[in-house]
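Text of the file final.cif, holding mmCIF, C-alpha atoms and all ligand atoms:
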```cif
data_final
loop_
_atom_site.group_PDB
_atom_site.id
_atom_site.type_symbol
_atom_site.label_atom_id
_atom_site.label_comp_id
_atom_site.auth_asym_id
_atom_site.auth_seq_id
_atom_site.Cartn_x
_atom_site.Cartn_y
_atom_site.Cartn_z
ATOM 1 C CA MET A 9 -41.345 5.712 16.017
ATOM 2 C CA LEU A 10 -41.220 6.113 12.280
ATOM 3 C CA ASN A 11 -44.139 5.786 9.907
ATOM 4 C CA ALA A 12 -44.336 2.319 8.297
ATOM 5 C CA LYS A 13 -44.083 3.743 4.787
ATOM 6 C CA ILE A 14 -40.886 5.617 5.672
ATOM 7 C CA ILE A 15 -39.414 2.432 7.187
ATOM 8 C CA ASN A 16 -40.233 0.481 4.015
ATOM 9 C CA MET A 17 -38.788 3.157 1.764
ATOM 10 C CA MET A 18 -35.617 3.297 3.855
ATOM 11 C CA ASN A 19 -35.181 -0.472 3.763
ATOM 12 C CA PHE A 20 -35.637 -0.320 0.003
ATOM 13 C CA GLN A 21 -33.071 2.498 -0.114
ATOM 14 C CA ILE A 22 -30.550 0.413 1.860
ATOM 15 C CA ASN A 23 -30.938 -2.243 -0.828
ATOM 16 C CA LYS A 24 -30.455 0.290 -3.621
ATOM 17 C CA GLU A 25 -27.340 1.789 -2.000
ATOM 18 C CA LEU A 26 -25.889 -1.719 -1.797
ATOM 19 C CA VAL A 27 -26.925 -2.342 -5.415
ATOM 20 C CA SER A 28 -25.012 0.863 -6.248
ATOM 21 C CA ALA A 29 -21.936 -0.562 -4.515
ATOM 22 C CA TYR A 30 -22.393 -3.787 -6.472
ATOM 23 C CA LEU A 31 -22.719 -1.851 -9.740
ATOM 24 C CA TYR A 32 -19.592 0.229 -9.085
ATOM 25 C CA LEU A 33 -17.645 -2.862 -8.141
ATOM 26 C CA ASP A 34 -18.707 -4.281 -11.493
ATOM 27 C CA PHE A 35 -17.504 -1.083 -13.213
ATOM 28 C CA ALA A 36 -14.207 -1.374 -11.313
ATOM 29 C CA ASN A 37 -13.837 -4.919 -12.628
ATOM 30 C CA TYR A 38 -14.657 -3.799 -16.169
ATOM 31 C CA PHE A 39 -11.869 -1.193 -16.081
ATOM 32 C CA ALA A 40 -9.372 -3.403 -14.218
ATOM 33 C CA GLU A 41 -9.813 -6.096 -16.863
ATOM 34 C CA LYS A 42 -8.918 -3.490 -19.514
ATOM 35 C CA GLY A 43 -5.820 -2.393 -17.593
ATOM 36 C CA LEU A 44 -7.316 0.990 -16.678
ATOM 37 C CA ASN A 45 -6.426 0.701 -13.018
ATOM 38 C CA GLY A 46 -7.062 4.384 -12.230
ATOM 39 C CA PHE A 47 -10.675 4.130 -13.379
ATOM 40 C CA ALA A 48 -10.939 0.832 -11.496
ATOM 41 C CA HIS A 49 -9.656 2.489 -8.308
ATOM 42 C CA TRP A 50 -12.085 5.392 -8.699
ATOM 43 C CA TYR A 51 -15.036 3.005 -8.894
ATOM 44 C CA ARG A 52 -13.723 0.903 -5.995
ATOM 45 C CA VAL A 53 -13.714 4.046 -3.834
ATOM 46 C CA GLN A 54 -17.188 4.843 -5.143
ATOM 47 C CA ALA A 55 -18.401 1.363 -4.149
ATOM 48 C CA GLN A 56 -17.061 1.919 -0.611
ATOM 49 C CA GLU A 57 -18.966 5.189 -0.404
ATOM 50 C CA GLU A 58 -22.172 3.445 -1.395
ATOM 51 C CA ILE A 59 -21.753 0.947 1.437
ATOM 52 C CA GLU A 60 -21.359 3.921 3.793
ATOM 53 C CA HIS A 61 -24.602 5.378 2.415
ATOM 54 C CA ALA A 62 -26.397 2.108 3.199
ATOM 55 C CA GLU A 63 -24.874 2.186 6.694
ATOM 56 C CA LYS A 64 -26.175 5.702 7.293
ATOM 57 C CA PHE A 65 -29.726 4.488 6.638
ATOM 58 C CA ILE A 66 -29.128 1.388 8.786
ATOM 59 C CA ASP A 67 -27.871 3.554 11.668
ATOM 60 C CA TYR A 68 -30.826 5.900 11.318
ATOM 61 C CA LEU A 69 -33.312 3.021 11.533
ATOM 62 C CA HIS A 70 -31.451 1.624 14.557
ATOM 63 C CA ASP A 71 -31.399 5.028 16.236
ATOM 64 C CA GLU A 72 -35.146 5.211 15.725
ATOM 65 C CA ASN A 73 -35.482 1.718 17.184
ATOM 66 C CA GLU A 74 -36.792 0.312 13.907
ATOM 67 C CA LYS A 75 -35.994 -2.962 12.209
ATOM 68 C CA VAL A 76 -33.618 -3.229 9.267
ATOM 69 C CA ARG A 77 -34.496 -5.733 6.558
ATOM 70 C CA LEU A 78 -31.729 -6.649 4.164
ATOM 71 C CA MET A 79 -33.128 -7.751 0.824
ATOM 72 C CA THR A 80 -31.722 -9.726 -2.077
ATOM 73 C CA LEU A 81 -29.405 -7.820 -4.386
ATOM 74 C CA ASP A 82 -30.463 -7.824 -8.020
ATOM 75 C CA PRO A 83 -27.777 -9.130 -10.347
ATOM 76 C CA ILE A 84 -25.933 -6.582 -12.454
ATOM 77 C CA ASP A 85 -27.710 -6.524 -15.796
ATOM 78 C CA HIS A 86 -26.357 -3.564 -17.764
ATOM 79 C CA ASN A 87 -24.912 -4.439 -21.132
ATOM 80 C CA CYS A 88 -22.430 -1.628 -21.587
ATOM 81 C CA THR A 89 -19.908 -2.469 -24.252
ATOM 82 C CA ASN A 90 -17.532 0.480 -24.064
ATOM 83 C CA ASP A 91 -16.080 2.988 -21.588
ATOM 84 C CA GLN A 92 -18.477 5.773 -22.461
ATOM 85 C CA GLU A 93 -21.525 3.553 -22.027
ATOM 86 C CA VAL A 94 -20.249 2.595 -18.574
ATOM 87 C CA LEU A 95 -19.786 6.255 -17.575
ATOM 88 C CA GLU A 96 -23.214 7.177 -18.959
ATOM 89 C CA TYR A 97 -24.816 4.269 -17.121
ATOM 90 C CA GLY A 98 -23.228 5.545 -13.902
ATOM 91 C CA LEU A 99 -24.850 8.953 -14.359
ATOM 92 C CA LYS A 100 -28.217 7.401 -15.209
ATOM 93 C CA HIS A 101 -28.002 5.267 -12.082
ATOM 94 C CA GLU A 102 -27.215 8.264 -9.853
ATOM 95 C CA MET A 103 -30.199 10.118 -11.320
ATOM 96 C CA TYR A 104 -32.373 7.150 -10.379
ATOM 97 C CA VAL A 105 -30.983 7.208 -6.817
ATOM 98 C CA THR A 106 -31.696 10.956 -6.618
ATOM 99 C CA LYS A 107 -35.298 10.232 -7.573
ATOM 100 C CA LEU A 108 -35.579 7.640 -4.787
ATOM 101 C CA ILE A 109 -34.152 10.057 -2.189
ATOM 102 C CA ASN A 110 -36.582 12.752 -3.364
ATOM 103 C CA GLU A 111 -39.475 10.325 -2.997
ATOM 104 C CA ILE A 112 -38.584 9.551 0.630
ATOM 105 C CA TYR A 113 -38.131 13.274 1.225
ATOM 106 C CA SER A 114 -41.550 14.148 -0.129
ATOM 107 C CA GLU A 115 -43.189 11.335 1.868
ATOM 108 C CA ALA A 116 -41.511 12.647 5.054
ATOM 109 C CA GLU A 117 -42.791 16.117 4.175
ATOM 110 C CA LYS A 118 -46.353 14.842 3.887
ATOM 111 C CA LEU A 119 -46.012 13.207 7.311
ATOM 112 C CA TYR A 120 -44.435 16.282 8.977
ATOM 113 C CA ASP A 121 -41.542 13.980 9.831
ATOM 114 C CA TYR A 122 -38.978 16.723 10.434
ATOM 115 C CA ARG A 123 -36.356 14.418 11.930
ATOM 116 C CA THR A 124 -36.278 12.285 8.787
ATOM 117 C CA LEU A 125 -36.214 15.419 6.633
ATOM 118 C CA ARG A 126 -33.133 16.652 8.489
ATOM 119 C CA PHE A 127 -31.510 13.242 8.130
ATOM 120 C CA LEU A 128 -32.232 13.205 4.387
ATOM 121 C CA GLU A 129 -30.736 16.667 3.890
ATOM 122 C CA TRP A 130 -27.256 15.110 3.732
ATOM 123 C CA PHE A 131 -28.394 12.736 0.970
ATOM 124 C CA VAL A 132 -30.009 15.545 -1.035
ATOM 125 C CA ASN A 133 -26.628 17.326 -1.088
ATOM 126 C CA GLU A 134 -24.702 14.121 -1.674
ATOM 127 C CA GLN A 135 -26.797 13.276 -4.737
ATOM 128 C CA ALA A 136 -26.017 16.675 -6.259
ATOM 129 C CA GLU A 137 -22.334 15.859 -5.747
ATOM 130 C CA GLU A 138 -22.697 12.340 -7.204
ATOM 131 C CA GLU A 139 -24.411 13.610 -10.351
ATOM 132 C CA LYS A 140 -21.798 16.339 -10.732
ATOM 133 C CA ASN A 141 -18.956 13.800 -10.413
ATOM 134 C CA ALA A 142 -20.551 11.439 -12.922
ATOM 135 C CA ASN A 143 -21.086 14.319 -15.353
ATOM 136 C CA GLU A 144 -17.518 15.552 -14.960
ATOM 137 C CA LEU A 145 -16.181 12.096 -15.643
ATOM 138 C CA ILE A 146 -18.155 11.923 -18.903
ATOM 139 C CA ASP A 147 -16.966 15.413 -19.896
ATOM 140 C CA LYS A 148 -13.322 14.639 -19.176
ATOM 141 C CA TYR A 149 -13.521 11.370 -21.060
ATOM 142 C CA GLU A 150 -15.097 13.068 -24.083
ATOM 143 C CA LEU A 151 -12.710 16.014 -24.024
ATOM 144 C CA PHE A 152 -9.410 14.277 -23.408
ATOM 145 C CA ALA A 153 -9.621 10.530 -23.738
ATOM 146 C CA ILE A 154 -11.624 9.674 -26.855
ATOM 147 C CA GLN A 155 -9.230 8.474 -29.518
ATOM 148 C CA CYS A 156 -6.308 9.888 -27.571
ATOM 149 C CA GLY A 157 -4.106 7.318 -25.875
ATOM 150 C CA SER A 158 -2.069 9.828 -23.896
ATOM 151 C CA GLY A 159 -5.228 11.654 -22.763
ATOM 152 C CA LEU A 160 -6.687 8.367 -21.554
ATOM 153 C CA TYR A 161 -3.411 7.566 -19.807
ATOM 154 C CA GLN A 162 -3.417 10.946 -18.026
ATOM 155 C CA LEU A 163 -7.065 10.659 -17.023
ATOM 156 C CA ASP A 164 -6.488 7.139 -15.700
ATOM 157 C CA LYS A 165 -3.591 8.471 -13.637
ATOM 158 C CA GLU A 166 -5.731 11.340 -12.290
ATOM 159 C CA LEU A 167 -8.555 8.984 -11.291
ATOM 160 C CA GLY A 168 -6.071 6.663 -9.622
ATOM 161 C CA ALA A 169 -5.223 9.473 -7.196
ATOM 162 C CA ARG A 170 -8.764 9.657 -5.763
HETATM 163 FE FE FE B 201 -25.436 6.451 -2.675
#
```

Re-express the file's structure as C-alpha cells.
Ligand SMILES: [Fe+2]
Amino acid sequence: MLNAKIINMMNFQINKELVSAYLYLDFANYFAEKGLNGFAHWYRVQAQEEIEHAEKFIDYLHDENEKVRLMTLDPIDHNCTNDQEVLEYGLKHEMYVTKLINEIYSEAEKLYDYRTLRFLEWFVNEQAEEEKNANELIDKYELFAIQCGSGLYQLDKELGAR
C-alpha cells in the first residue's frame, strides 16, 4: 500500500507526462506546418516517449494495487512564435518535469518508501537525458541553423533519422 500523498503525486505526474506528450505533438505540428518534417518527426517520437512515461507510472500504481485517476489535460497555451522559442520552451518544460520528479522523490524519502525511490531512479536518470537532449537541440540550432538554410536543412535531416 502506498501513502496517499505519493498516490496523488503520481496521478498528477501521469497527467503531466500526458501533457508533455500533448505539448510535443503540438511542437510536431508547428514544425510540420513549416515543412520541417525532421523536427516534426523528432517531436512525434518525443510525444510517444512521454506516453510511455505516463504508462510506467500507471503500471506502478497498478502493481501496488492503487487506483489510477486520469485528469483533464490542460490546453496548450504557449505562444512561441519562432523555432528557437519552441526549443527553449521544450527545455523549460523538461526542467519543470524534473522538479516534479524530484518532489515525489523527496516525499518518498521522507516516508522511507524505498520501493518508490527505486522506481523513481529511472525517471531521475531519464530527466537528465531529456534536459541534455533539449539543450543539445538548442545548441545545434544556434550553431548551425540560424540564418543558414543549408544548416537548417542538414539539422532537419539529422532529426528525421531519430
Ligand atoms: Fe517524461

Spell out the residues picked by the PyMOL selection byres (((not hetatm)) within 7 of (chain B and resi 201)) here, as an mmCIF file with C-alpha atoms, in the coordinates of the input.
```
data_model
loop_
_atom_site.group_PDB
_atom_site.id
_atom_site.type_symbol
_atom_site.label_atom_id
_atom_site.label_comp_id
_atom_site.auth_asym_id
_atom_site.auth_seq_id
_atom_site.Cartn_x
_atom_site.Cartn_y
_atom_site.Cartn_z
ATOM 1 C CA GLU A 25 -27.340 1.789 -2.000
ATOM 2 C CA SER A 28 -25.012 0.863 -6.248
ATOM 3 C CA GLU A 57 -18.966 5.189 -0.404
ATOM 4 C CA GLU A 58 -22.172 3.445 -1.395
ATOM 5 C CA HIS A 61 -24.602 5.378 2.415
ATOM 6 C CA VAL A 105 -30.983 7.208 -6.817
#
```

So which residues fall inside 10 Å of (-34.8, -1.7, 11.7) if we count all atoms listed in the file? Mind giving them as a list in words?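 Final list of nearby residues, as requested, is Ile15, Asn16, Met18, Asn19, Phe65, Ile66, Asp67, Tyr68, Leu69, His70, Asp71, Glu72, Asn73, Glu74, Lys75, Val76, Arg77 and Leu78 of chain A.
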
Using the chain letters and numbering of this document, enumerate as a ChimeraX atom specification the residues selected by the PyMOL selection byres (((chain A and resi 97) around 12) and not hetatm). /A:28,31-32,34-35,84-96,98-104,139,142-143,145-146

If you measure from atom CA of Met17 of chain A to atom CA of Ala29 of chain A, what distance in Å do you get, rounded to one decimal?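 Separation of atom CA of Met17 of chain A and atom CA of Ala29 of chain A: 18.4 Å.
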
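We find atom CA of Glu117 of chain A and atom CA of Phe20 of chain A to be spaced 18.4 Å apart.
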
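Among A:Thr124, A:Gln135, A:Ser114, A:Gln155, the residue with the shortest atom-to-atom distance to Asn11 of chain A, counting only C-alpha atoms, is A:Thr124.
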
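Residues lying within 12 Å of Ala153 of chain A, counting all atoms listed in the file and ignoring same-chain neighbours fewer than 4 positions away, are A:Asp91, A:Gln92, A:Leu145, A:Ile146, A:Asp147, A:Lys148, A:Tyr149, A:Gly157, A:Ser158, A:Gly159, A:Leu160, A:Tyr161, A:Gln162, A:Leu163, A:Asp164, A:Lys165.
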
Between atom CA of Tyr122 of chain A and atom CA of Met79 of chain A, distance in Å (one decimal): 26.9 Å

Using all atoms listed in the file, find the one residue out of A:Leu81, A:Ile59, A:Leu10, A:Ile109 that sits nearest to Trp130 of chain A.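 Among the listed residues, the smallest separation from Trp130 of chain A belongs to A:Ile109.
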
Segment 38-45 of chain A, all listed atoms, 3 Å padding on each side: what axis-aligned box centre and edge lengths in Å to one decimal come out, as AutoDock Vina command-line options?
```
--center_x -10.2 --center_y -2.6 --center_z -16.3 --size_x 14.8 --size_y 13.1 --size_z 12.5
```

Report the residues retrieved by the PyMOL selection byres (((chain A and resi 51) around 9) and not hetatm) from the displayed file, expressed as a short mmCIF file (atom, residue, chain, number, x, y, z; two decimals) with C-alpha atoms, keeping the file's coordinate frame.
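Saved to selection-v3.cif:
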```
data_model
loop_
_atom_site.label_atom_id
_atom_site.label_comp_id
_atom_site.auth_asym_id
_atom_site.auth_seq_id
_atom_site.Cartn_x
_atom_site.Cartn_y
_atom_site.Cartn_z
CA ALA A 29 -21.94 -0.56 -4.51
CA TYR A 32 -19.59 0.23 -9.09
CA LEU A 33 -17.64 -2.86 -8.14
CA ASP A 34 -18.71 -4.28 -11.49
CA PHE A 35 -17.50 -1.08 -13.21
CA ALA A 36 -14.21 -1.37 -11.31
CA ASN A 37 -13.84 -4.92 -12.63
CA PHE A 39 -11.87 -1.19 -16.08
CA GLY A 46 -7.06 4.38 -12.23
CA PHE A 47 -10.68 4.13 -13.38
CA ALA A 48 -10.94 0.83 -11.50
CA HIS A 49 -9.66 2.49 -8.31
CA TRP A 50 -12.08 5.39 -8.70
CA ARG A 52 -13.72 0.90 -6.00
CA VAL A 53 -13.71 4.05 -3.83
CA GLN A 54 -17.19 4.84 -5.14
CA ALA A 55 -18.40 1.36 -4.15
CA GLN A 56 -17.06 1.92 -0.61
#
```

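Across A:Lys64, A:Arg170, A:Lys42, A:Lys13, the tightest approach to Lys118 of chain A is made by A:Lys13 when counting all atoms listed in the file.
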
Among the residues A:Leu44, A:Glu129, A:Pro83, A:Met9, the one that comes closest to Leu26 of chain A [using all atoms listed in the file]: A:Pro83

Could I get segment 67-96 of chain A rebuilt with N, CA and C atoms, written as an mmCIF file, keeping the file's coordinate frame?
```cif
data_model
loop_
_atom_site.group_PDB
_atom_site.id
_atom_site.type_symbol
_atom_site.label_atom_id
_atom_site.label_comp_id
_atom_site.auth_asym_id
_atom_site.auth_seq_id
_atom_site.Cartn_x
_atom_site.Cartn_y
_atom_site.Cartn_z
ATOM 1 N N ASP A 67 -28.053 2.901 10.361
ATOM 2 C CA ASP A 67 -27.871 3.554 11.668
ATOM 3 C C ASP A 67 -29.093 4.384 12.040
ATOM 4 N N TYR A 68 -29.644 5.064 11.042
ATOM 5 C CA TYR A 68 -30.826 5.900 11.318
ATOM 6 C C TYR A 68 -31.987 5.028 11.807
ATOM 7 N N LEU A 69 -32.226 3.925 11.111
ATOM 8 C CA LEU A 69 -33.312 3.021 11.533
ATOM 9 C C LEU A 69 -33.040 2.472 12.936
ATOM 10 N N HIS A 70 -31.804 2.104 13.209
ATOM 11 C CA HIS A 70 -31.451 1.624 14.557
ATOM 12 C C HIS A 70 -31.673 2.718 15.594
ATOM 13 N N ASP A 71 -31.228 3.918 15.290
ATOM 14 C CA ASP A 71 -31.399 5.028 16.236
ATOM 15 C C ASP A 71 -32.872 5.278 16.542
ATOM 16 N N GLU A 72 -33.704 5.006 15.543
ATOM 17 C CA GLU A 72 -35.146 5.211 15.725
ATOM 18 C C GLU A 72 -35.827 3.943 16.268
ATOM 19 N N ASN A 73 -34.986 2.976 16.616
ATOM 20 C CA ASN A 73 -35.482 1.718 17.184
ATOM 21 C C ASN A 73 -36.375 0.936 16.202
ATOM 22 N N GLU A 74 -36.030 1.022 14.930
ATOM 23 C CA GLU A 74 -36.792 0.312 13.907
ATOM 24 C C GLU A 74 -35.960 -0.839 13.351
ATOM 25 N N LYS A 75 -36.666 -1.765 12.699
ATOM 26 C CA LYS A 75 -35.994 -2.962 12.209
ATOM 27 C C LYS A 75 -35.446 -2.778 10.786
ATOM 28 N N VAL A 76 -34.232 -3.255 10.598
ATOM 29 C CA VAL A 76 -33.618 -3.229 9.267
ATOM 30 C C VAL A 76 -33.862 -4.573 8.591
ATOM 31 N N ARG A 77 -34.312 -4.508 7.344
ATOM 32 C CA ARG A 77 -34.496 -5.733 6.558
ATOM 33 C C ARG A 77 -33.582 -5.698 5.352
ATOM 34 N N LEU A 78 -32.626 -6.598 5.323
ATOM 35 C CA LEU A 78 -31.729 -6.649 4.164
ATOM 36 C C LEU A 78 -32.352 -7.549 3.101
ATOM 37 N N MET A 79 -32.469 -7.010 1.909
ATOM 38 C CA MET A 79 -33.128 -7.751 0.824
ATOM 39 C C MET A 79 -32.108 -8.300 -0.175
ATOM 40 N N THR A 80 -32.582 -9.141 -1.033
ATOM 41 C CA THR A 80 -31.722 -9.726 -2.077
ATOM 42 C C THR A 80 -31.211 -8.643 -3.018
ATOM 43 N N LEU A 81 -29.960 -8.767 -3.409
ATOM 44 C CA LEU A 81 -29.405 -7.820 -4.386
ATOM 45 C C LEU A 81 -29.696 -8.318 -5.792
ATOM 46 N N ASP A 82 -30.247 -7.450 -6.616
ATOM 47 C CA ASP A 82 -30.463 -7.824 -8.020
ATOM 48 C C ASP A 82 -29.113 -8.012 -8.705
ATOM 49 N N PRO A 83 -29.042 -8.982 -9.608
ATOM 50 C CA PRO A 83 -27.777 -9.130 -10.347
ATOM 51 C C PRO A 83 -27.536 -7.916 -11.256
ATOM 52 N N ILE A 84 -26.281 -7.683 -11.561
ATOM 53 C CA ILE A 84 -25.933 -6.582 -12.454
ATOM 54 C C ILE A 84 -26.376 -6.950 -13.864
ATOM 55 N N ASP A 85 -27.184 -6.104 -14.491
ATOM 56 C CA ASP A 85 -27.710 -6.524 -15.796
ATOM 57 C C ASP A 85 -27.522 -5.478 -16.903
ATOM 58 N N HIS A 86 -26.589 -4.527 -16.675
ATOM 59 C CA HIS A 86 -26.357 -3.564 -17.764
ATOM 60 C C HIS A 86 -25.591 -4.286 -18.874
ATOM 61 N N ASN A 87 -25.745 -3.812 -20.097
ATOM 62 C CA ASN A 87 -24.912 -4.439 -21.132
ATOM 63 C C ASN A 87 -24.059 -3.404 -21.846
ATOM 64 N N CYS A 88 -23.332 -2.650 -21.043
ATOM 65 C CA CYS A 88 -22.430 -1.628 -21.587
ATOM 66 C C CYS A 88 -21.288 -2.333 -22.315
ATOM 67 N N THR A 89 -20.966 -1.813 -23.485
ATOM 68 C CA THR A 89 -19.908 -2.469 -24.252
ATOM 69 C C THR A 89 -18.667 -1.609 -24.424
ATOM 70 N N ASN A 90 -18.748 -0.338 -24.004
ATOM 71 C CA ASN A 90 -17.532 0.480 -24.064
ATOM 72 C C ASN A 90 -17.472 1.452 -22.885
ATOM 73 N N ASP A 91 -16.330 2.125 -22.751
ATOM 74 C CA ASP A 91 -16.080 2.988 -21.588
ATOM 75 C C ASP A 91 -17.171 4.045 -21.427
ATOM 76 N N GLN A 92 -17.497 4.686 -22.529
ATOM 77 C CA GLN A 92 -18.477 5.773 -22.461
ATOM 78 C C GLN A 92 -19.838 5.284 -21.983
ATOM 79 N N GLU A 93 -20.244 4.114 -22.465
ATOM 80 C CA GLU A 93 -21.525 3.553 -22.027
ATOM 81 C C GLU A 93 -21.521 3.279 -20.528
ATOM 82 N N VAL A 94 -20.373 2.843 -20.020
ATOM 83 C CA VAL A 94 -20.249 2.595 -18.574
ATOM 84 C C VAL A 94 -20.420 3.919 -17.811
ATOM 85 N N LEU A 95 -19.720 4.950 -18.262
ATOM 86 C CA LEU A 95 -19.786 6.255 -17.575
ATOM 87 C C LEU A 95 -21.203 6.824 -17.633
ATOM 88 N N GLU A 96 -21.837 6.689 -18.792
ATOM 89 C CA GLU A 96 -23.214 7.177 -18.959
ATOM 90 C C GLU A 96 -24.178 6.405 -18.051
#
```
